[in-house]
Amino acid sequence: MHDHRATVESVFRNESGRIIAGLIRISHSFDLAEEAMQDAFAAAVVSWQTDGVPDNPAAWITATARRKLIDYARREQTRRNNEGQLLYEYESRTSAIDDEMNQPFDDDRLSLIFTCCHPAINMEAQIGLTLRTLGGLTTMEIARAFLVPEATLAQRLVRAQRKIQQARIPFQVPAPGFLPERLSAVQKVLYLIFNEGYSASSGDSLIRRELCAEAIRLARTLLELMPHNPENMALLALMLLHDSRRDARSTGDGQLIPLEEQDRSLWHHDQVAEGIPLVERALGRRNLGPYQLQAAIAAIHAEARTAQETDWKQIAALYAILNTTQASPIVALNHAVAVAMSESLERGLALIDELGASGELESYRLYHAARADLLRRMGRNPEAIESYRRALALTSNAVELRYLGRRLSELEGLVY
Amino acid sequence: MRYMMLIYSREDEAATPEDMRAVAAAHKVVMDQARDRGIFCAADPLQPSVTATTVRVQDGKSLVTDGPFAETKEQLAGYYILDCQDLDEALAWAEKIPTACAGAAGCIEIRPIREFPSRVLVNA
């Protein structure tokens, strides 16, 4: 017999984002929508056991959840009646639900994603709401992934939901005037989710992997909903290409393996094969945005069969463009490294020293780490050791500490 | 829903009468647009914060002090109340409201006005 529980779980996994988006549109409430959807899934577990799994399970859940919403509204109305309170809001709400019951099964996820990532909501709550509604993660799972106490996160989300309702943050795709900046806010949230999973900091590795997978799923959804946006293509590609290296980038005991030392046969080539054509499509458009440039760089790495074959010249050129549009110390450092690899180590080091000349990067660990790396390649070991020590002193991330520590002890072994 | 837009700006004592007129004219444009759209409820400029007096009642006694309740670089300088569809519409209007007097920086805080059912009925 078919396991109906597995069906329930798979419907939840694949359809809950779409279902809850529709329920939020109808109810104007995240709370009621979540409650109704949970009740509907609970009902499914019982009902599908006896009656069998319906032909369209997602439609069954949606219809059931919509009926629950009406029940809640009626219950609330009765309560208010009994208390002699005014009914205007609930009357309009129930009739709105009745109207919308007959609407086709729309995809409201795009509106929902813009609501969750509205700039009037604080960033942690944007991430949390996105993961909980569109990603179907529980508050507990999100809290564990982001290493915050569950109660703190729960409170943040409640506050954000209240603001959505009370300040009337719209549930819609923004007007054209707002769209470009709002879309980049959405992309930023998805990329933050991915990076939280990908970054090698401490925490439960299983959950972190889950976050990457979730971010990829969300980026895929965003692209599906706005299929012509090149930055959407690039964002998905960028995540796929980075994620393809997940099994090659650390040892079994959690040591970081830098790109050039990775066993490239461990890369997930299906993800590379999906990512590269996306990058090509994205680059065919004009206006190179930050994700297109970063995805292009990731694609060049992915296309190199060995580290030696890497086309560093192109990478340096792409970082140079990125540094004009999205200037930041990390981009400038990466540019310098690419120049070091494509032109000469001396030229790269000169660029890094230029960056450091103002003294502003003195307390930036990656500045010292990049400098140390070039000095090591140049065989200037005592100076490299000095820079590795400085980088180490500024690093708190356990995986990075171990990596820098390994480099340092290798060099110290050579010097002494 | 009505939103109150609180204008906070730096009080620039060096602002000339021409500067002030230019700012007033810019406000008039926004107010006229809002009236044309039928969403205008109210808007007023305030006298500078040196005219502010703060009263606090503690243990039944009122304590009157000179000045605004908080000394900040940017002071409440005026407000608009506009009846907008949602926060995005309010944001679009807030972007148009001049906040700067003679080039001094400023910002707008948007607060939804708490509506009570009785008000809704009265207006209905």
# chains A, B, ... in the order shown; residues from 1 in each chain; ligands from 1
>>> interface_residues(of="chain B", to="chain A", cutoff="6 Å", atoms="only C-alpha atoms", output="PDB file with N, CA and C atoms, in the first residue's frame")
ATOM      1  N   ASP B  86      -1.617  51.401   1.034  1.00  0.00           N
ATOM      2  CA  ASP B  86      -0.735  50.510   1.793  1.00  0.00           C
ATOM      3  C   ASP B  86       0.603  51.215   2.022  1.00  0.00           C
ATOM      4  N   LEU B  87       1.523  50.511   2.669  1.00  0.00           N
ATOM      5  CA  LEU B  87       2.804  51.125   3.019  1.00  0.00           C
ATOM      6  C   LEU B  87       3.593  51.542   1.779  1.00  0.00           C
ATOM      7  N   PRO B 112       1.685  54.243  10.768  1.00  0.00           N
ATOM      8  CA  PRO B 112       0.261  54.043  10.500  1.00  0.00           C
ATOM      9  C   PRO B 112      -0.549  54.593  11.665  1.00  0.00           C
TER      10      PRO B 112
END
>>> select_by_dssp(residues="range 103-250 of chain A", states="helix (DSSP H, G or I)", output="MDAnalysis selection string")
chainID A and resid 109:116 123:134 139:145 150:166 179:198 205:225 230:243
>>> atom_distance(atom1="CA of Ile81 in chain B", atom2="CA of Tyr3 in chain B")
5.6 Å
>>> residues_around(residues="Val50 in chain B", least_positions_apart="6", cutoff="9 Å", atoms="only C-alpha atoms", output="PyMOL selection string")
chain B and resi 66-68
>>> residues_around(residues="Trp267 in chain A", least_positions_apart="3", cutoff="7 Å", atoms="only C-alpha atoms", output="ChimeraX atom specification")
/A:244-245,247-248,264
>>> atom_distance(atom1="CA of Leu238 in chain A", atom2="CA of Ala295 in chain A")
4.5 Å
>>> closest_residue(among="A:Met226, A:Ile113, A:Met37, A:Ala302", to="Asp270 in chain A", atoms="only C-alpha atoms")
A:Ala302
>>> residues_around(residues="Ala332 in chain A", least_positions_apart="6", cutoff="10 Å", atoms="only C-alpha atoms", output="mmCIF file with N, CA and C atoms, in the first residue's frame")
data_model
loop_
_atom_site.group_PDB
_atom_site.id
_atom_site.type_symbol
_atom_site.label_atom_id
_atom_site.label_comp_id
_atom_site.auth_asym_id
_atom_site.auth_seq_id
_atom_site.Cartn_x
_atom_site.Cartn_y
_atom_site.Cartn_z
ATOM 1 N N TYR A 319 36.581 40.709 -11.961
ATOM 2 C CA TYR A 319 36.672 41.374 -10.652
ATOM 3 C C TYR A 319 36.899 42.874 -10.817
ATOM 4 N N ALA A 320 37.631 43.252 -11.876
ATOM 5 C CA ALA A 320 37.862 44.683 -12.111
ATOM 6 C C ALA A 320 36.527 45.381 -12.369
ATOM 7 N N LEU A 322 33.536 44.247 -11.403
ATOM 8 C CA LEU A 322 32.782 44.162 -10.146
ATOM 9 C C LEU A 322 33.247 45.255 -9.176
ATOM 10 N N ASN A 323 34.532 45.528 -9.216
ATOM 11 C CA ASN A 323 35.085 46.520 -8.296
ATOM 12 C C ASN A 323 34.671 47.949 -8.664
ATOM 13 N N THR A 324 34.217 48.147 -9.895
ATOM 14 C CA THR A 324 33.718 49.489 -10.227
ATOM 15 C C THR A 324 32.249 49.620 -9.849
ATOM 16 N N GLN A 326 30.488 47.360 -7.573
ATOM 17 C CA GLN A 326 30.203 46.914 -6.208
ATOM 18 C C GLN A 326 31.481 46.958 -5.384
ATOM 19 N N ALA A 338 43.597 37.593 -8.301
ATOM 20 C CA ALA A 338 43.465 37.162 -9.690
ATOM 21 C C ALA A 338 44.578 37.747 -10.547
ATOM 22 N N LEU A 351 49.270 45.428 -5.586
ATOM 23 C CA LEU A 351 47.872 45.881 -5.498
ATOM 24 C C LEU A 351 47.346 45.747 -4.072
ATOM 25 N N ILE A 352 47.666 44.627 -3.434
ATOM 26 C CA ILE A 352 47.206 44.422 -2.051
ATOM 27 C C ILE A 352 47.811 45.477 -1.130
ATOM 28 N N LEU A 355 46.060 48.648 -1.448
ATOM 29 C CA LEU A 355 44.797 48.636 -0.707
ATOM 30 C C LEU A 355 45.027 48.883 0.779
ATOM 31 N N TYR A 367 42.413 40.552 4.521
ATOM 32 C CA TYR A 367 43.522 41.326 3.958
ATOM 33 C C TYR A 367 44.841 40.638 4.309
#
>>> residues_around(residues="range 72-75 of chain B", least_positions_apart="4", cutoff="8 Å", atoms="only C-alpha atoms", output="list in words")
Tyr8, Ser9, Arg10, Glu11, Ser49 and Gly106 of chain B
